[in-house]
>>> print(open('protein-v8.cif').read())   # mmCIF, C-alpha atoms
data_run
loop_
_atom_site.label_atom_id
_atom_site.label_comp_id
_atom_site.auth_asym_id
_atom_site.auth_seq_id
_atom_site.Cartn_x
_atom_site.Cartn_y
_atom_site.Cartn_z
CA MET A 1092 -24.73 -5.38 -5.85
CA TYR A 1093 -21.38 -6.38 -7.31
CA ILE A 1094 -18.44 -7.99 -5.47
CA ALA A 1095 -14.92 -7.87 -6.91
CA MET A 1096 -12.58 -10.49 -5.46
CA ASN A 1097 -8.92 -11.02 -6.13
CA ARG A 1098 -7.44 -14.30 -4.85
CA PHE A 1099 -3.83 -14.20 -3.60
CA LYS A 1100 -1.76 -17.25 -2.68
CA ILE A 1101 0.77 -16.04 -0.10
CA ILE A 1102 3.95 -17.99 0.65
CA LYS A 1103 3.96 -19.49 4.14
CA GLY A 1104 5.66 -17.14 6.61
CA GLU A 1105 4.93 -14.03 4.48
CA GLU A 1106 1.38 -13.50 5.73
CA GLN A 1107 2.22 -10.59 8.04
CA ALA A 1108 4.29 -8.82 5.35
CA PHE A 1109 1.34 -9.13 2.96
CA GLU A 1110 -1.17 -7.81 5.51
CA ASP A 1111 1.14 -4.92 6.39
CA ARG A 1112 1.29 -3.85 2.75
CA TRP A 1113 -2.48 -3.58 2.60
CA ALA A 1114 -2.66 -1.74 5.92
CA GLN A 1115 -0.13 0.84 4.70
CA ARG A 1116 -1.88 1.39 1.39
CA ASP A 1117 -3.72 4.65 0.76
CA SER A 1118 -6.43 3.75 -1.71
CA SER A 1119 -8.81 6.70 -1.12
CA LEU A 1120 -11.49 4.09 -1.79
CA SER A 1121 -13.96 5.55 0.73
CA GLU A 1122 -14.28 8.65 -1.49
CA VAL A 1123 -15.10 6.70 -4.66
CA PRO A 1124 -18.70 6.86 -6.00
CA GLY A 1125 -20.43 3.48 -5.75
CA PHE A 1126 -17.88 2.03 -3.33
CA VAL A 1127 -19.63 0.28 -0.43
CA GLU A 1128 -17.08 -1.69 1.62
CA PHE A 1129 -13.68 -3.35 1.38
CA HIS A 1130 -12.33 -6.31 3.35
CA LEU A 1131 -9.03 -8.07 3.16
CA LEU A 1132 -9.99 -11.67 3.95
CA ARG A 1133 -7.69 -14.34 5.33
CA GLY A 1134 -8.75 -17.82 4.25
CA PRO A 1135 -7.64 -21.44 4.45
CA GLU A 1136 -4.00 -22.54 4.68
CA SER A 1137 -2.51 -25.15 2.38
CA ASP A 1138 0.86 -26.88 2.61
CA ASP A 1139 2.66 -24.17 0.66
CA HIS A 1140 0.46 -21.06 0.94
CA THR A 1141 -2.28 -19.15 2.75
CA LEU A 1142 -5.21 -17.95 0.66
CA TYR A 1143 -6.19 -14.29 0.93
CA VAL A 1144 -9.01 -12.53 -0.90
CA SER A 1145 -9.37 -8.80 -1.48
CA HIS A 1146 -13.14 -8.37 -1.29
CA THR A 1147 -14.68 -5.12 -2.53
CA VAL A 1148 -18.42 -4.50 -2.53
CA TRP A 1149 -19.71 -2.02 -5.14
CA ALA A 1150 -23.18 -0.65 -5.82
CA SER A 1151 -22.81 -1.97 -9.40
CA GLU A 1152 -20.25 -3.44 -11.82
CA LYS A 1153 -20.31 -0.08 -13.62
CA SER A 1154 -19.09 1.78 -10.52
CA MET A 1155 -16.09 -0.56 -10.28
CA GLU A 1156 -15.30 -0.14 -13.98
CA ASP A 1157 -15.41 3.65 -13.63
CA TRP A 1158 -13.00 3.45 -10.69
CA ALA A 1159 -10.65 1.12 -12.59
CA GLN A 1160 -10.16 3.88 -15.18
CA SER A 1161 -9.52 6.63 -12.63
CA GLU A 1162 -6.37 8.31 -11.39
CA ALA A 1163 -7.19 7.08 -7.87
CA PHE A 1164 -6.97 3.48 -9.13
CA ARG A 1165 -3.61 4.12 -10.80
CA LYS A 1166 -2.23 5.60 -7.59
CA ALA A 1167 -3.59 2.78 -5.42
CA HIS A 1168 -1.86 0.20 -7.61
CA SER A 1169 1.42 2.04 -8.25
CA GLN A 1170 3.22 -0.05 -5.59
CA ALA A 1171 1.66 -3.37 -6.59
CA GLY A 1172 4.22 -6.11 -7.17
CA LYS A 1173 7.08 -4.10 -5.65
CA GLY A 1174 9.09 -5.19 -2.62
CA ARG A 1175 9.85 -8.70 -1.37
CA GLN A 1176 8.17 -11.53 -3.26
CA VAL A 1177 5.34 -12.90 -1.10
CA TYR A 1178 3.14 -14.38 -3.85
CA LEU A 1179 2.88 -17.94 -5.09
CA GLY A 1180 1.81 -17.37 -8.69
CA GLN A 1181 -0.39 -14.62 -10.08
CA PRO A 1182 -3.45 -13.22 -8.31
CA ASN A 1183 -6.73 -14.43 -9.79
CA PHE A 1184 -9.57 -11.92 -10.29
CA GLU A 1185 -13.22 -12.98 -10.11
CA GLY A 1186 -16.21 -10.61 -10.30
CA PHE A 1187 -19.68 -11.54 -9.02
CA ASN A 1188 -23.21 -10.20 -9.26
CA SER A 1189 -25.67 -10.92 -6.48
CA VAL A 1190 -28.70 -12.85 -7.75
CA LEU A 1191 -30.36 -13.51 -4.37
CA THR A 1192 -30.16 -11.74 -1.01
CA VAL A 1193 -31.26 -12.61 2.55
CA LYS A 1194 -30.70 -9.96 5.21
CA GLY A 1195 -30.33 -10.64 8.93
CA ARG A 1196 -32.15 -8.76 11.68
CA GLU A 1197 -29.02 -7.31 13.24
CA MET B 741 -16.47 -10.58 10.72
CA TYR B 742 -16.44 -14.03 9.13
CA ILE B 743 -17.48 -14.90 5.56
CA ALA B 744 -18.37 -18.47 4.61
CA MET B 745 -18.21 -19.15 0.87
CA ASN B 746 -19.10 -22.29 -0.99
CA ARG B 747 -17.98 -22.43 -4.64
CA PHE B 748 -20.27 -24.27 -7.09
CA LYS B 749 -19.41 -25.09 -10.69
CA ILE B 750 -22.72 -25.25 -12.55
CA ILE B 751 -23.07 -27.05 -15.87
CA LYS B 752 -23.76 -24.65 -18.76
CA GLY B 753 -27.50 -24.31 -19.36
CA GLU B 754 -28.39 -25.29 -15.77
CA GLU B 755 -27.86 -21.84 -14.25
CA GLN B 756 -31.55 -20.98 -13.95
CA ALA B 757 -32.39 -24.36 -12.39
CA PHE B 758 -29.64 -23.81 -9.81
CA GLU B 759 -30.82 -20.27 -9.01
CA ASP B 760 -34.42 -21.46 -8.70
CA ARG B 761 -33.41 -24.06 -6.10
CA TRP B 762 -31.87 -21.37 -3.92
CA ALA B 763 -34.86 -19.05 -4.36
CA GLN B 764 -37.23 -21.81 -3.25
CA ARG B 765 -35.18 -22.76 -0.23
CA ASP B 766 -36.47 -21.92 3.25
CA SER B 767 -33.35 -21.56 5.34
CA SER B 768 -34.78 -19.49 8.23
CA LEU B 769 -31.33 -17.87 8.20
CA SER B 770 -32.62 -14.41 9.10
CA GLU B 771 -33.61 -15.77 12.53
CA VAL B 772 -30.21 -17.24 13.34
CA PRO B 773 -28.05 -15.48 15.99
CA GLY B 774 -24.93 -13.94 14.46
CA PHE B 775 -26.22 -14.14 10.90
CA VAL B 776 -25.63 -10.84 9.05
CA GLU B 777 -26.35 -11.30 5.33
CA PHE B 778 -26.51 -13.92 2.61
CA HIS B 779 -25.92 -13.52 -1.13
CA LEU B 780 -25.98 -16.03 -3.92
CA LEU B 781 -23.30 -14.70 -6.27
CA ARG B 782 -23.05 -15.39 -9.97
CA GLY B 783 -19.45 -15.24 -11.20
CA PRO B 784 -17.38 -15.84 -14.31
CA GLU B 785 -18.27 -18.33 -17.05
CA SER B 786 -15.83 -20.92 -18.34
CA ASP B 787 -16.16 -23.22 -21.34
CA ASP B 788 -17.95 -25.92 -19.38
CA HIS B 789 -19.42 -24.20 -16.32
CA THR B 790 -20.56 -21.00 -14.60
CA LEU B 791 -19.08 -20.28 -11.18
CA TYR B 792 -21.49 -19.47 -8.35
CA VAL B 793 -20.61 -18.67 -4.76
CA SER B 794 -22.92 -18.88 -1.75
CA HIS B 795 -21.67 -15.98 0.36
CA THR B 796 -22.74 -15.77 4.00
CA VAL B 797 -21.57 -13.03 6.34
CA TRP B 798 -21.48 -13.91 10.06
CA ALA B 799 -20.62 -11.85 13.12
CA SER B 800 -17.99 -14.49 13.94
CA GLU B 801 -16.80 -17.96 12.95
CA LYS B 802 -18.33 -19.24 16.20
CA SER B 803 -21.82 -18.09 15.18
CA MET B 804 -21.53 -20.08 11.93
CA GLU B 805 -20.29 -23.17 13.80
CA ASP B 806 -23.24 -22.97 16.22
CA TRP B 807 -25.66 -22.75 13.28
CA ALA B 808 -23.97 -25.70 11.53
CA GLN B 809 -24.88 -27.88 14.51
CA SER B 810 -28.50 -26.73 14.69
CA GLU B 811 -31.78 -28.27 13.56
CA ALA B 812 -32.31 -25.25 11.26
CA PHE B 813 -29.11 -26.17 9.40
CA ARG B 814 -30.19 -29.78 9.01
CA LYS B 815 -33.54 -28.70 7.58
CA ALA B 816 -31.97 -26.14 5.23
CA HIS B 817 -29.71 -28.83 3.76
CA SER B 818 -32.17 -31.72 3.66
CA GLN B 819 -32.78 -31.20 -0.08
CA ALA B 820 -29.14 -30.64 -0.98
CA GLY B 821 -27.93 -32.84 -3.83
CA LYS B 822 -31.46 -33.97 -4.75
CA GLY B 823 -33.09 -33.37 -8.14
CA ARG B 824 -31.48 -33.00 -11.54
CA GLN B 825 -27.69 -32.97 -11.59
CA VAL B 826 -26.54 -29.40 -12.23
CA TYR B 827 -23.08 -29.58 -10.63
CA LEU B 828 -19.71 -30.11 -12.25
CA GLY B 829 -17.81 -31.76 -9.39
CA GLN B 830 -18.18 -31.15 -5.67
CA PRO B 831 -18.77 -27.72 -4.10
CA ASN B 832 -15.67 -26.27 -2.47
CA PHE B 833 -16.02 -24.59 0.95
CA GLU B 834 -13.73 -21.75 2.01
CA GLY B 835 -14.06 -19.74 5.25
CA PHE B 836 -12.51 -16.28 5.70
CA ASN B 837 -11.81 -13.87 8.54
CA SER B 838 -11.63 -10.15 7.83
CA VAL B 839 -8.21 -8.73 8.75
CA LEU B 840 -8.72 -5.21 7.35
CA THR B 841 -11.84 -3.12 6.64
CA VAL B 842 -12.53 0.11 4.72
CA LYS B 843 -16.09 1.40 4.80
CA GLY B 844 -17.68 3.65 2.18
CA ARG B 845 -19.67 6.78 2.90
CA GLU B 846 -22.91 5.46 1.47
#
>>> encode(input="protein-v8.cif", output="C-alpha cells")
Amino acid sequence: MYIAMNRFKIIKGEEQAFEDRWAQRDSSLSEVPGFVEFHLLRGPESDDHTLYVSHTVWASEKSMEDWAQSEAFRKAHSQAGKGRQVYLGQPNFEGFNSVLTVKGRE
Amino acid sequence: MYIAMNRFKIIKGEEQAFEDRWAQRDSSLSEVPGFVEFHLLRGPESDDHTLYVSHTVWASEKSMEDWAQSEAFRKAHSQAGKGRQVYLGQPNFEGFNSVLTVKGRE
C-alpha cells in the first residue's frame, strides 16, 4: 500500500474557500486503476495558517505514477493555483510505503 | 474519521532497527474501541534522515483520546525512547479530521 500526501498551509480565514475548491473538483479518481481512497484532511492550526493534507491511498506507488501521466490527472489539476490566493508557500509532496499494518476488528 | 500521525526523523542506517522496534511492539490496538487501522509508513529520505510516520485511523478523535488515557496505551508506550538512539530530534504529532472523502471501486 502506498499513500501520497500533499501538505498545504492555508492562510487563516481561507479554510472554507480551500475546502470548497476541493469539493467542486471533478477528479474522476474513483475510476482510476489502483486508486483506493482519497481524504482531504484538516490538521492543526498555527498562528498564521491551518495545515491541510490531501491523502490518497493507492494499491501501489506504480498505480499512482501511471495516473500522474494520464489525461485524467491533467484535467484534475488544470485549475490548480487559479483563483484567490489561499496558500502560504508551496505545497509539499511526500510519498509513503506501508512497512507494517495492524487492522482493527470493525 | 480521524487520523493520528506522528512524524519520526530516523538517523540514516538506523531504519531497520526502528522498523524492528515497531514490529516487536504489542500494542493490543486491534482490541481498542474505535480503532480502524494502523500503518507504519516509510517516507522520503533526506541527507541526514529518513522520514517515518505512524499513521493510525480512528472512527473519531474521541476514540483516540479515550485510548490515550487507557492502561493499554501506557503499556504500549512503556518502552518508548529506550534502547539505542535512532531519532534525529523529537517526534512531531499531528492529528487530522477528514473533511472530504472519495472512495474507489476496489
>>> closest_residue(input="protein-v8.cif", among="B:His789, B:Phe778, B:Ser810, B:Met741", to="Leu840 of chain B", atoms="only C-alpha atoms")
B:Met741
>>> residues_near_point(input="protein-v8.cif", point="(-19.1, -12.4, -10.1)", cutoff="9 Å", atoms="all atoms listed in the file", output="number ranges by chain")
A: 1093-1096, 1185-1189; B: 781-784, 791-793
>>> resolve_selection(input="protein-v8.cif", expression="the PyMOL selection byres ((chain B and resi 788) around 9)", output="ChimeraX atom specification")
/B:749-752,785-787,789-790,828
>>> residues_near_point(input="protein-v8.cif", point="(-28.1, -16.1, 3.7)", cutoff="12 Å", atoms="all atoms listed in the file", output="ChimeraX atom specification")
/A:1189-1196 /B:743-746,762-763,765-772,774-781,793-798,804,807,813,816
>>> calpha_fit_and_write(input="protein-v8.cif", fixed="chain B", moving="chain A", output="mmCIF file with C-alpha atoms, keeping the file's coordinate frame")
data_model
loop_
_atom_site.group_PDB
_atom_site.id
_atom_site.type_symbol
_atom_site.label_atom_id
_atom_site.label_comp_id
_atom_site.auth_asym_id
_atom_site.auth_seq_id
_atom_site.Cartn_x
_atom_site.Cartn_y
_atom_site.Cartn_z
ATOM 1 C CA MET A 1092 -16.444 -10.582 10.742
ATOM 2 C CA TYR A 1093 -16.431 -14.013 9.134
ATOM 3 C CA ILE A 1094 -17.477 -14.901 5.565
ATOM 4 C CA ALA A 1095 -18.375 -18.475 4.615
ATOM 5 C CA MET A 1096 -18.213 -19.155 0.879
ATOM 6 C CA ASN A 1097 -19.087 -22.295 -0.992
ATOM 7 C CA ARG A 1098 -17.973 -22.436 -4.642
ATOM 8 C CA PHE A 1099 -20.273 -24.264 -7.086
ATOM 9 C CA LYS A 1100 -19.403 -25.090 -10.691
ATOM 10 C CA ILE A 1101 -22.729 -25.254 -12.543
ATOM 11 C CA ILE A 1102 -23.072 -27.045 -15.883
ATOM 12 C CA LYS A 1103 -23.757 -24.661 -18.760
ATOM 13 C CA GLY A 1104 -27.503 -24.318 -19.361
ATOM 14 C CA GLU A 1105 -28.386 -25.298 -15.755
ATOM 15 C CA GLU A 1106 -27.858 -21.848 -14.250
ATOM 16 C CA GLN A 1107 -31.557 -20.993 -13.948
ATOM 17 C CA ALA A 1108 -32.395 -24.383 -12.379
ATOM 18 C CA PHE A 1109 -29.646 -23.804 -9.806
ATOM 19 C CA GLU A 1110 -30.823 -20.269 -8.992
ATOM 20 C CA ASP A 1111 -34.422 -21.462 -8.693
ATOM 21 C CA ARG A 1112 -33.413 -24.054 -6.108
ATOM 22 C CA TRP A 1113 -31.879 -21.377 -3.920
ATOM 23 C CA ALA A 1114 -34.858 -19.059 -4.357
ATOM 24 C CA GLN A 1115 -37.249 -21.821 -3.260
ATOM 25 C CA ARG A 1116 -35.190 -22.772 -0.230
ATOM 26 C CA ASP A 1117 -36.465 -21.927 3.244
ATOM 27 C CA SER A 1118 -33.345 -21.563 5.339
ATOM 28 C CA SER A 1119 -34.778 -19.489 8.230
ATOM 29 C CA LEU A 1120 -31.331 -17.889 8.197
ATOM 30 C CA SER A 1121 -32.613 -14.407 9.100
ATOM 31 C CA GLU A 1122 -33.623 -15.751 12.538
ATOM 32 C CA VAL A 1123 -30.200 -17.227 13.332
ATOM 33 C CA PRO A 1124 -28.050 -15.474 15.994
ATOM 34 C CA GLY A 1125 -24.924 -13.935 14.465
ATOM 35 C CA PHE A 1126 -26.214 -14.149 10.894
ATOM 36 C CA VAL A 1127 -25.638 -10.855 9.063
ATOM 37 C CA GLU A 1128 -26.355 -11.304 5.339
ATOM 38 C CA PHE A 1129 -26.501 -13.932 2.610
ATOM 39 C CA HIS A 1130 -25.919 -13.521 -1.126
ATOM 40 C CA LEU A 1131 -25.974 -16.038 -3.898
ATOM 41 C CA LEU A 1132 -23.300 -14.698 -6.256
ATOM 42 C CA ARG A 1133 -23.047 -15.395 -9.968
ATOM 43 C CA GLY A 1134 -19.460 -15.243 -11.197
ATOM 44 C CA PRO A 1135 -17.379 -15.829 -14.312
ATOM 45 C CA GLU A 1136 -18.284 -18.333 -17.036
ATOM 46 C CA SER A 1137 -15.835 -20.911 -18.332
ATOM 47 C CA ASP A 1138 -16.157 -23.198 -21.343
ATOM 48 C CA ASP A 1139 -17.950 -25.915 -19.396
ATOM 49 C CA HIS A 1140 -19.421 -24.187 -16.324
ATOM 50 C CA THR A 1141 -20.554 -20.997 -14.601
ATOM 51 C CA LEU A 1142 -19.081 -20.273 -11.180
ATOM 52 C CA TYR A 1143 -21.489 -19.467 -8.355
ATOM 53 C CA VAL A 1144 -20.612 -18.665 -4.752
ATOM 54 C CA SER A 1145 -22.909 -18.892 -1.743
ATOM 55 C CA HIS A 1146 -21.667 -15.991 0.372
ATOM 56 C CA THR A 1147 -22.753 -15.778 4.011
ATOM 57 C CA VAL A 1148 -21.567 -13.032 6.341
ATOM 58 C CA TRP A 1149 -21.494 -13.905 10.064
ATOM 59 C CA ALA A 1150 -20.631 -11.837 13.123
ATOM 60 C CA SER A 1151 -17.986 -14.485 13.952
ATOM 61 C CA GLU A 1152 -16.787 -17.966 12.943
ATOM 62 C CA LYS A 1153 -18.319 -19.226 16.199
ATOM 63 C CA SER A 1154 -21.815 -18.090 15.177
ATOM 64 C CA MET A 1155 -21.530 -20.081 11.938
ATOM 65 C CA GLU A 1156 -20.292 -23.168 13.790
ATOM 66 C CA ASP A 1157 -23.219 -22.955 16.215
ATOM 67 C CA TRP A 1158 -25.637 -22.750 13.281
ATOM 68 C CA ALA A 1159 -23.977 -25.701 11.522
ATOM 69 C CA GLN A 1160 -24.903 -27.883 14.513
ATOM 70 C CA SER A 1161 -28.519 -26.714 14.681
ATOM 71 C CA GLU A 1162 -31.778 -28.252 13.543
ATOM 72 C CA ALA A 1163 -32.313 -25.242 11.257
ATOM 73 C CA PHE A 1164 -29.108 -26.154 9.388
ATOM 74 C CA ARG A 1165 -30.201 -29.779 8.993
ATOM 75 C CA LYS A 1166 -33.544 -28.677 7.575
ATOM 76 C CA ALA A 1167 -31.977 -26.133 5.211
ATOM 77 C CA HIS A 1168 -29.712 -28.815 3.755
ATOM 78 C CA SER A 1169 -32.183 -31.720 3.661
ATOM 79 C CA GLN A 1170 -32.794 -31.201 -0.086
ATOM 80 C CA ALA A 1171 -29.146 -30.631 -0.995
ATOM 81 C CA GLY A 1172 -27.952 -32.837 -3.841
ATOM 82 C CA LYS A 1173 -31.471 -33.981 -4.758
ATOM 83 C CA GLY A 1174 -33.102 -33.396 -8.135
ATOM 84 C CA ARG A 1175 -31.486 -33.019 -11.557
ATOM 85 C CA GLN A 1176 -27.691 -32.973 -11.599
ATOM 86 C CA VAL A 1177 -26.543 -29.390 -12.228
ATOM 87 C CA TYR A 1178 -23.075 -29.576 -10.636
ATOM 88 C CA LEU A 1179 -19.699 -30.121 -12.242
ATOM 89 C CA GLY A 1180 -17.806 -31.771 -9.392
ATOM 90 C CA GLN A 1181 -18.156 -31.158 -5.673
ATOM 91 C CA PRO A 1182 -18.751 -27.744 -4.108
ATOM 92 C CA ASN A 1183 -15.659 -26.284 -2.459
ATOM 93 C CA PHE A 1184 -16.007 -24.592 0.951
ATOM 94 C CA GLU A 1185 -13.713 -21.745 2.006
ATOM 95 C CA GLY A 1186 -14.050 -19.729 5.233
ATOM 96 C CA PHE A 1187 -12.494 -16.279 5.697
ATOM 97 C CA ASN A 1188 -11.809 -13.869 8.533
ATOM 98 C CA SER A 1189 -11.620 -10.160 7.822
ATOM 99 C CA VAL A 1190 -8.214 -8.724 8.747
ATOM 100 C CA LEU A 1191 -8.729 -5.203 7.348
ATOM 101 C CA THR A 1192 -11.844 -3.137 6.648
ATOM 102 C CA VAL A 1193 -12.541 0.097 4.726
ATOM 103 C CA LYS A 1194 -16.105 1.402 4.809
ATOM 104 C CA GLY A 1195 -17.671 3.653 2.178
ATOM 105 C CA ARG A 1196 -19.667 6.797 2.910
ATOM 106 C CA GLU A 1197 -22.912 5.496 1.457
#
>>> residues_around(input="protein-v8.cif", residues="Gln825 of chain B", least_positions_apart="2", cutoff="12 Å", atoms="all atoms listed in the file", output="PDB file with C-alpha atoms, keeping the file's coordinate frame")
ATOM      1  CA  LYS B 749     -19.410 -25.090 -10.690  1.00  0.00           C
ATOM      2  CA  ILE B 750     -22.720 -25.250 -12.550  1.00  0.00           C
ATOM      3  CA  ILE B 751     -23.070 -27.050 -15.870  1.00  0.00           C
ATOM      4  CA  LYS B 752     -23.760 -24.650 -18.760  1.00  0.00           C
ATOM      5  CA  GLY B 753     -27.500 -24.310 -19.360  1.00  0.00           C
ATOM      6  CA  GLU B 754     -28.390 -25.290 -15.770  1.00  0.00           C
ATOM      7  CA  GLU B 755     -27.860 -21.840 -14.250  1.00  0.00           C
ATOM      8  CA  ALA B 757     -32.390 -24.360 -12.390  1.00  0.00           C
ATOM      9  CA  PHE B 758     -29.640 -23.810  -9.810  1.00  0.00           C
ATOM     10  CA  ARG B 761     -33.410 -24.060  -6.100  1.00  0.00           C
ATOM     11  CA  ALA B 820     -29.140 -30.640  -0.980  1.00  0.00           C
ATOM     12  CA  GLY B 821     -27.930 -32.840  -3.830  1.00  0.00           C
ATOM     13  CA  LYS B 822     -31.460 -33.970  -4.750  1.00  0.00           C
ATOM     14  CA  GLY B 823     -33.090 -33.370  -8.140  1.00  0.00           C
ATOM     15  CA  TYR B 827     -23.080 -29.580 -10.630  1.00  0.00           C
ATOM     16  CA  LEU B 828     -19.710 -30.110 -12.250  1.00  0.00           C
ATOM     17  CA  GLY B 829     -17.810 -31.760  -9.390  1.00  0.00           C
ATOM     18  CA  GLN B 830     -18.180 -31.150  -5.670  1.00  0.00           C
TER      19      GLN B 830
END
>>> atom_distance(input="protein-v8.cif", atom1="atom CA of Gln756 of chain B", atom2="atom CA of Glu811 of chain B")
28.5 Å
>>> atom_distance(input="protein-v8.cif", atom1="atom CA of Gln1170 of chain A", atom2="atom CA of Glu1110 of chain A")
14.2 Å
>>> closest_residue(input="protein-v8.cif", among="A:Ala1163, A:Asp1111, A:Val1177, A:Asp1157", to="chain B", atoms="all atoms listed in the file")
A:Asp1111
>>> resolve_selection(input="protein-v8.cif", expression="the PyMOL selection byres ((chain A and resi 1183) around 6)", output="JSON, numbers by chain")
{"A": [1097, 1098, 1182, 1184]}
>>> atom_distance(input="protein-v8.cif", atom1="atom CA of Lys802 of chain B", atom2="atom CA of Pro773 of chain B")
10.4 Å
>>> decode(input="protein-v8.cif", residues="segment 785-800 of chain B", atoms="N, CA and C atoms", output="PDB file, in the first residue's frame")
ATOM      1  N   GLU B 785      13.641  10.153   1.926  1.00  0.00           N
ATOM      2  CA  GLU B 785      14.952  10.240   2.577  1.00  0.00           C
ATOM      3  C   GLU B 785      15.551  11.620   2.352  1.00  0.00           C
ATOM      4  N   SER B 786      16.169  12.163   3.383  1.00  0.00           N
ATOM      5  CA  SER B 786      16.944  13.392   3.255  1.00  0.00           C
ATOM      6  C   SER B 786      18.415  13.046   3.450  1.00  0.00           C
ATOM      7  N   ASP B 787      19.269  14.051   3.446  1.00  0.00           N
ATOM      8  CA  ASP B 787      20.702  13.797   3.609  1.00  0.00           C
ATOM      9  C   ASP B 787      21.000  13.096   4.928  1.00  0.00           C
ATOM     10  N   ASP B 788      20.309  13.531   5.998  1.00  0.00           N
ATOM     11  CA  ASP B 788      20.683  13.032   7.321  1.00  0.00           C
ATOM     12  C   ASP B 788      19.624  12.168   7.995  1.00  0.00           C
ATOM     13  N   HIS B 789      18.471  11.955   7.338  1.00  0.00           N
ATOM     14  CA  HIS B 789      17.463  11.116   7.979  1.00  0.00           C
ATOM     15  C   HIS B 789      16.478  10.541   6.958  1.00  0.00           C
ATOM     16  N   THR B 790      15.726   9.526   7.419  1.00  0.00           N
ATOM     17  CA  THR B 790      14.585   9.005   6.663  1.00  0.00           C
ATOM     18  C   THR B 790      13.335   9.330   7.460  1.00  0.00           C
ATOM     19  N   LEU B 791      12.318   9.853   6.773  1.00  0.00           N
ATOM     20  CA  LEU B 791      11.075  10.206   7.455  1.00  0.00           C
ATOM     21  C   LEU B 791      10.161   8.991   7.555  1.00  0.00           C
ATOM     22  N   TYR B 792       9.702   8.710   8.774  1.00  0.00           N
ATOM     23  CA  TYR B 792       8.663   7.707   9.004  1.00  0.00           C
ATOM     24  C   TYR B 792       7.455   8.393   9.621  1.00  0.00           C
ATOM     25  N   VAL B 793       6.279   7.826   9.374  1.00  0.00           N
ATOM     26  CA  VAL B 793       5.060   8.326  10.002  1.00  0.00           C
ATOM     27  C   VAL B 793       4.291   7.147  10.580  1.00  0.00           C
ATOM     28  N   SER B 794       3.948   7.218  11.869  1.00  0.00           N
ATOM     29  CA  SER B 794       2.993   6.253  12.422  1.00  0.00           C
ATOM     30  C   SER B 794       1.608   6.826  12.144  1.00  0.00           C
ATOM     31  N   HIS B 795       0.772   6.022  11.508  1.00  0.00           N
ATOM     32  CA  HIS B 795      -0.460   6.504  10.859  1.00  0.00           C
ATOM     33  C   HIS B 795      -1.617   5.663  11.394  1.00  0.00           C
ATOM     34  N   THR B 796      -2.413   6.238  12.291  1.00  0.00           N
ATOM     35  CA  THR B 796      -3.484   5.468  12.923  1.00  0.00           C
ATOM     36  C   THR B 796      -4.831   6.074  12.588  1.00  0.00           C
ATOM     37  N   VAL B 797      -5.698   5.255  11.983  1.00  0.00           N
ATOM     38  CA  VAL B 797      -7.042   5.697  11.625  1.00  0.00           C
ATOM     39  C   VAL B 797      -7.997   5.320  12.757  1.00  0.00           C
ATOM     40  N   TRP B 798      -8.779   6.312  13.210  1.00  0.00           N
ATOM     41  CA  TRP B 798      -9.767   6.126  14.262  1.00  0.00           C
ATOM     42  C   TRP B 798     -11.154   6.500  13.737  1.00  0.00           C
ATOM     43  N   ALA B 799     -12.185   5.921  14.352  1.00  0.00           N
ATOM     44  CA  ALA B 799     -13.546   6.295  13.987  1.00  0.00           C
ATOM     45  C   ALA B 799     -13.790   7.774  14.288  1.00  0.00           C
ATOM     46  N   SER B 800     -13.169   8.267  15.366  1.00  0.00           N
ATOM     47  CA  SER B 800     -13.350   9.664  15.769  1.00  0.00           C
ATOM     48  C   SER B 800     -12.174  10.097  16.638  1.00  0.00           C
TER      49      SER B 800
END
